[in-house]
Structure formats: C-alpha cells, structure tokens
Amino acid sequence: MTAPTATKPAILSVDDDPAVSRAVVRDLRRRYGGDYRILRAESGASALEVLGELKLRGQSVAVLIADYRMPGMDGIEFLEQAMDLHPYARRVLLTAYADTNAAIEAINVVDLDHYLLKPWDPPEEKLYPVLDALLESWRGDERRPVLETRVVGHQWSARCSEVREFLARNQLPYRWYPMDEPEGASLLKAAGAEPEQCPVLIDATGRTVFEPSDAELAEFVGLQTAPSGEFYDLIVIGGGPAGLGAAVYGASEGLRTVLVERTATGGQAGQSSRIENYLGFPDGLSGAQLADRARRQAVKFGAELITGRSVVGLEACGAARVVRFADGGHIAAHSVLIATGVEYRRHPAPGIDEFTGCGVYYGSAMTAAGECADRDVYVVGGANSAGQAAVFLSRTARSVHILVRGESLTASMSHYLIEQIDKIPNIVVHTRTEVVAADGDGHLERIVLRDNASGVEEKVETERLFLFIGAAPETDWLDGVVVRDDDGFVVAGPDLMVAGALPPGWELARPPQHLESSVPGVFVAGDVRSESAKRVASAVGEGAMAVMLVHRYIAKQ
C-alpha cells in the first residue's frame, strides 16, 4: 500500500480480515472522511511501511486502529513499533470478548487509549463517540510537533516575501512567524540568529538556515537541485504550462527528460487564482492545482525536475546541445526546449521598486493575497490574470479596485470574466487611470492615481498593490545564440524563413521545423515564442507538439 501525498491528518486501520477492514474503513469514511485521510492495511508490516512514508513526508497520524489477532505481528506488537514513528497518534485495539485481558494488558505495554469489542454496531453508539473523544484530545495535544518548515522574518521584508512565495508556489507547507512577535523572537533566539539575518528557516528536525539563496532554499526543503546524469535526450528550460506539457509527453514517450526551473513549476499560470476556460475543467481550477497535477504527472513518467538553478547559457557543441548554469555547472542533451515564458514588466512609477515585496507585488503573490482581508486592494492591469486576481481577492478584501489605462476591459479581458466582475459589488473598475507614484514608511502605505482623461491626481491609502502590466521575455542569455524578434521573443519555424531563404548559419538542408529555433535541435514553446497565443491551453499544446518534433529530430541524427 502506498501512502497518499495529501496533507490532511491520517486515520489508519490495520486488520488482516478483508471484510472487517473494509467495514472499518466504510464507517470511518462516513464520519471522518472530510477532515482526515482514511487509510487501511491488511498486515502490521504493510501498515508500518505506510507509517514510515508518512513520517518521511512530514504528515501526521491522528489515530491508529489495530486488530489484536493478526498473523505474523499482532496488534499490540504493531502499536508498540508504531509508537516510534508517530508517538502522538491515539491508539485503539480491536478485540474479541475472549481477548479483553490482552487488551487491558496493552494499556500498560503500548499506552493504549481505548479498546473496542467486535462487532461495534451501531457505530453511532460504539465507535464514533470513542473516536470523537480521541480526535478532540489529539487536536488539543500541544506536544504534537510542528512538521512544517518554520519561517521567521519581518512582515515588510522583500526577501522574506520571496521566500514565502517560493515555498507556497512549490506546494511546501510552512508556518510564518513575524520576528517582532513573541514566538518569532523566541525562535530567533533559539536559532542564535540576529534580526538582520532574516529570513531564518527551521525544519522539523531543528536544522536552520539564514538568509538562503533560492538554490540553498530549494536544497534545504528537499527539492532536487542537481541532475542525476550529464546527458539527456531532452532538456526543458522552464516549468510553466509549456515546459510541464513537454516534460509529461517527453518522459511518457521514453525520452530521458530533465526540466530545469529557477523558482517553481507553473510559471505565471501557476499564480492564477482561477482558470475557468481550460478544457475539461468546467468548474475551473487554480493555477497552483494545474501546476501541481502536471508536476506529479511528469515525475510519475520519469522526468527529472530540477529547482533553484538559473540557466545562463546555451551552446551547440557538435550534435550535443549544452545548457550552462549560473553556478558554473552544465548538462547536455540531444535537444533543448526553451519554455521560459515571460516576466511581468516593471512599473516605472516612483516608489514602486522601493516597495516591491513590501506591499507592491508583481502577479497575484499567493502569500500576500492571504493578508488582504478587510483591506482596500488595488490591481493594475486589464488582462485575464488581473481579472482573475481581482475576483479572488474580492472574497475577503473590503474593496478591490482594478486600474486600467484603456477605455474598458473589453480589449484584453475574456467576456466571461468581465461578466463576473460586473456582478461583484466590491470590485470597482477605474478606466483611463494609472498609478503615478507610491509612498510609505518602510512599506507601501499610499499610492497616487491619475485620471488620464482629466489629468487630476488623487492620493489613496492602501497597503497592497498587485501589478499585471504586460509581460516581456527574459531572453538576454540567448543573445547571439538564436534569432529573436525586436521584443526579445524567440523566432521559430516558418517565421525564420525570409523570402524562402534558410536562416543565417542554418547547416541542414531541410528548413526549421514548426517550433524549431534558428539552431537545429533547439525548440521553443509557450509564451516565449514569437507570435504565440499567450494562453495556457496553447502553451500545453505547443509543449506536447515540441516533443513530437524532438522525436523527428533525434531520429534523423
């Protein structure tokens, strides 16, 4: 049996009789399935394997229910060994009437919390009251360890904000402790750290790291930061929808595939609060959900995911394509897919740079969005990402103000999203309006708005400003390597052909394939490609299509 990856506390039932095991699980799911993961095993040994996996993943176990009479390892022996793995789990023994003496003895041997006589029908009288009491006791037990990574820092520190965002986007549980509150100050003292060394991270074992870089942070929390090999069939650079699509299809079709991501899988789409027009999800899903599912899918098929490494160079060395990292390392492959997406453009208004990460955020910023309850929030931008963020923020914020320079939202936002916004009373759309300044003492406290129609400027109080003002590719590292357009997007396929001529330096008799750059074997997909559709579905499709073209390229080498 394999333990699942969800983070709800577990209730584990162990019984070698399949009929009894199913009956226990049925009754448990009926009452507790919404708040707990109900797991079952049919032997003590297999149950210990599950508990070991849960321990390694930092996942908690609330209750253990074990049958006394099991071959190989009885219930008491199992509970005794289980105590070493999950000492705070409540322990219940299932017994027949003839075994009550053994159950009483087990109270002393394994600190048994309760024993239940079989059968326990009706569960409303004989099972649920017992477990209700045990679960209440478990939830209130202050001895239970904090399994999340603990982060100590200042609320208005840009680097602390980046670290929290890194953890959130990588689906890593953490607990935030402001350094100016008693518990945060206590943790700083225990770690032997000074306030200027924040952010400080402490894991469940007590390991600490001060002011980590992204690479150090990734390694500290257990993400893979180094490739296992030196040569692959396909290197995917970038973990957005296009890169994840390529990793899934590449690995599933037998290519030795490695994906390199600087921060977190999902890209800009991964920060979207709700994607409602993605095929197959009529109720919508968050960008984080989509990214997490795609990441797990890629890993399932055997793709390697490398996090916290920045790519700074690409070279063609004979038949090999070499990717170079900022720390001096490198890997090589038959082919490379550039799927680095785009980054939000920097806002030019005075004060914006000073308060970035301290009240000003590019994109939806998962951690900052959770701190907007009962506040007046401002969102700059008129595309879908801005609209999705506004709808999400409106659930808790006192008011959400969308600022656009155009006459309306219709030029750049999907019709379904505009209709949603129109129906939400605490969202206000300000057309022909832009931010011209930001001000505050240590963090954002106010912004200056200008009505471009009248020229009138107005100062408004706010501590949260989210910017969605268009995007640009970060492709300077490709300068002189592949052909890019005037805006820095990578040109590919037929767009490289001018008057039917092959691109300069092209060494093959055939023309570039559809998603192939000006360097044979180097492909591009998603938003970083010149003239791409800039939509999640098209990016995933291009990633999948690129794998088909990679197969063709490798087959002819």
# chains A, B, ... in the order shown; residues from 1 in each chain; ligands from 1
call {"tool": "residues_around", "arguments": {"residues": "A:Ser286", "least_positions_apart": "4", "cutoff": "12 Å", "atoms": "only C-alpha atoms", "output": "PDB file with C-alpha atoms, in the first residue's frame"}}
result
ATOM      1  CA  ARG A 169       4.396  28.008  -5.137  1.00  0.00           C
ATOM      2  CA  GLY A 266       3.601  26.638 -13.051  1.00  0.00           C
ATOM      3  CA  GLN A 268       2.683  32.852 -14.409  1.00  0.00           C
ATOM      4  CA  ALA A 269      -0.232  30.455 -14.885  1.00  0.00           C
ATOM      5  CA  GLY A 270       0.722  28.779 -11.603  1.00  0.00           C
ATOM      6  CA  GLN A 271      -0.020  32.033  -9.791  1.00  0.00           C
ATOM      7  CA  SER A 272      -3.505  32.351 -11.263  1.00  0.00           C
ATOM      8  CA  SER A 273      -6.239  32.151  -8.631  1.00  0.00           C
ATOM      9  CA  ARG A 274      -8.742  30.599 -11.046  1.00  0.00           C
ATOM     10  CA  ILE A 275      -8.579  29.311 -14.619  1.00  0.00           C
ATOM     11  CA  GLU A 276     -12.123  28.740 -15.839  1.00  0.00           C
ATOM     12  CA  ASN A 277     -11.703  28.314 -19.597  1.00  0.00           C
ATOM     13  CA  TYR A 278      -9.259  25.386 -19.583  1.00  0.00           C
ATOM     14  CA  PHE A 281     -12.497  21.675 -16.119  1.00  0.00           C
ATOM     15  CA  LEU A 290      -2.915  22.655 -12.527  1.00  0.00           C
ATOM     16  CA  ALA A 291       0.822  23.028 -11.948  1.00  0.00           C
ATOM     17  CA  ASP A 292       0.886  20.508  -9.108  1.00  0.00           C
ATOM     18  CA  ARG A 293      -1.013  17.885 -11.104  1.00  0.00           C
ATOM     19  CA  SER A 364      -1.046  37.511  -7.584  1.00  0.00           C
ATOM     20  CA  MET A 366      -0.058  33.814  -3.001  1.00  0.00           C
ATOM     21  CA  SER A 385      -4.635  37.440 -14.997  1.00  0.00           C
ATOM     22  CA  GLN A 388      -8.836  36.515 -12.045  1.00  0.00           C
ATOM     23  CA  ALA A 389      -6.798  38.044  -9.219  1.00  0.00           C
ATOM     24  CA  PHE A 392     -10.166  36.032  -5.943  1.00  0.00           C
TER      25      PHE A 392
END
call {"tool": "residues_around", "arguments": {"residues": "A:Asp487", "least_positions_apart": "3", "cutoff": "10 Å", "atoms": "only C-alpha atoms", "output": "list of chain:residue names"}}
result
A:Ala472, A:Pro473, A:Thr475, A:Arg484, A:Val490, A:Ser530
call {"tool": "residues_around", "arguments": {"residues": "stretch 510-523 of chain A", "least_positions_apart": "4", "cutoff": "6 Å", "atoms": "only C-alpha atoms", "output": "list of chain:residue names"}}
result
A:Ser335, A:Val336, A:Leu337, A:Val482, A:Val483, A:Ala492, A:Gly493
call {"tool": "closest_residue", "arguments": {"among": "A:Ala246, A:Ala501, A:Val342, A:Cys358", "to": "A:Leu549", "atoms": "only C-alpha atoms"}}
result
A:Ala246
call {"tool": "residues_around", "arguments": {"residues": "A:Asp527", "least_positions_apart": "4", "cutoff": "9 Å", "atoms": "only C-alpha atoms", "output": "PDB file with N, CA and C atoms, in the first residue's frame"}}
result
ATOM      1  N   ALA A 242       3.911  25.155 -20.812  1.00  0.00           N
ATOM      2  CA  ALA A 242       4.592  24.579 -21.978  1.00  0.00           C
ATOM      3  C   ALA A 242       5.671  23.600 -21.549  1.00  0.00           C
ATOM      4  N   ALA A 339      11.296  27.044 -22.817  1.00  0.00           N
ATOM      5  CA  ALA A 339       9.904  27.282 -22.403  1.00  0.00           C
ATOM      6  C   ALA A 339       9.907  28.195 -21.181  1.00  0.00           C
ATOM      7  N   THR A 340      10.690  29.252 -21.251  1.00  0.00           N
ATOM      8  CA  THR A 340      10.917  30.118 -20.088  1.00  0.00           C
ATOM      9  C   THR A 340       9.801  31.121 -19.856  1.00  0.00           C
ATOM     10  N   GLY A 341       8.807  31.174 -20.743  1.00  0.00           N
ATOM     11  CA  GLY A 341       7.680  32.064 -20.520  1.00  0.00           C
ATOM     12  C   GLY A 341       8.091  33.519 -20.532  1.00  0.00           C
ATOM     13  N   VAL A 342       7.362  34.316 -19.749  1.00  0.00           N
ATOM     14  CA  VAL A 342       7.604  35.750 -19.700  1.00  0.00           C
ATOM     15  C   VAL A 342       7.549  36.227 -18.255  1.00  0.00           C
ATOM     16  N   PRO A 473       9.818  38.730 -22.343  1.00  0.00           N
ATOM     17  CA  PRO A 473      10.643  37.540 -22.155  1.00  0.00           C
ATOM     18  C   PRO A 473      12.007  37.906 -21.566  1.00  0.00           C
ATOM     19  N   PHE A 489      11.381  37.969 -28.072  1.00  0.00           N
ATOM     20  CA  PHE A 489      10.768  36.653 -28.199  1.00  0.00           C
ATOM     21  C   PHE A 489      11.526  35.814 -29.227  1.00  0.00           C
ATOM     22  N   GLU A 531       5.029  35.527 -31.530  1.00  0.00           N
ATOM     23  CA  GLU A 531       3.691  35.381 -32.117  1.00  0.00           C
ATOM     24  C   GLU A 531       2.888  34.222 -31.515  1.00  0.00           C
ATOM     25  N   SER A 532       3.205  33.813 -30.285  1.00  0.00           N
ATOM     26  CA  SER A 532       2.429  32.739 -29.650  1.00  0.00           C
ATOM     27  C   SER A 532       1.094  33.279 -29.160  1.00  0.00           C
ATOM     28  N   ALA A 533       0.176  32.367 -28.820  1.00  0.00           N
ATOM     29  CA  ALA A 533      -1.192  32.759 -28.458  1.00  0.00           C
ATOM     30  C   ALA A 533      -1.301  33.315 -27.045  1.00  0.00           C
ATOM     31  N   LYS A 534      -0.307  33.073 -26.185  1.00  0.00           N
ATOM     32  CA  LYS A 534      -0.315  33.562 -24.793  1.00  0.00           C
ATOM     33  C   LYS A 534      -1.532  33.048 -24.022  1.00  0.00           C
ATOM     34  N   ARG A 535      -1.804  31.774 -24.158  1.00  0.00           N
ATOM     35  CA  ARG A 535      -2.880  31.115 -23.416  1.00  0.00           C
ATOM     36  C   ARG A 535      -2.355  29.794 -22.857  1.00  0.00           C
ATOM     37  N   VAL A 536      -2.900  29.362 -21.711  1.00  0.00           N
ATOM     38  CA  VAL A 536      -2.426  28.147 -21.057  1.00  0.00           C
ATOM     39  C   VAL A 536      -2.590  26.932 -21.959  1.00  0.00           C
ATOM     40  N   ALA A 539      -0.121  26.823 -24.785  1.00  0.00           N
ATOM     41  CA  ALA A 539       1.233  26.534 -24.301  1.00  0.00           C
ATOM     42  C   ALA A 539       1.420  25.046 -24.040  1.00  0.00           C
TER      43      ALA A 539
END
call {"tool": "residues_around", "arguments": {"residues": "A:Leu187", "least_positions_apart": "5", "cutoff": "9 Å", "atoms": "only C-alpha atoms", "output": "ChimeraX atom specification"}}
result
/A:152,177,179,182,192-193,202
call {"tool": "select_by_dssp", "arguments": {"residues": "stretch 186-387 of chain A", "states": "strand (DSSP E or B)", "output": "ChimeraX atom specification"}}
result
/A:200-202,208-210,231-237,257-261,275,285,304-307,311-317,320-325,330-338,343-344,356,360-362,376-380
call {"tool": "closest_residue", "arguments": {"among": "A:Val528, A:Ile424, A:Leu502, A:Val248", "to": "A:Ile338", "atoms": "only C-alpha atoms"}}
result
A:Val528
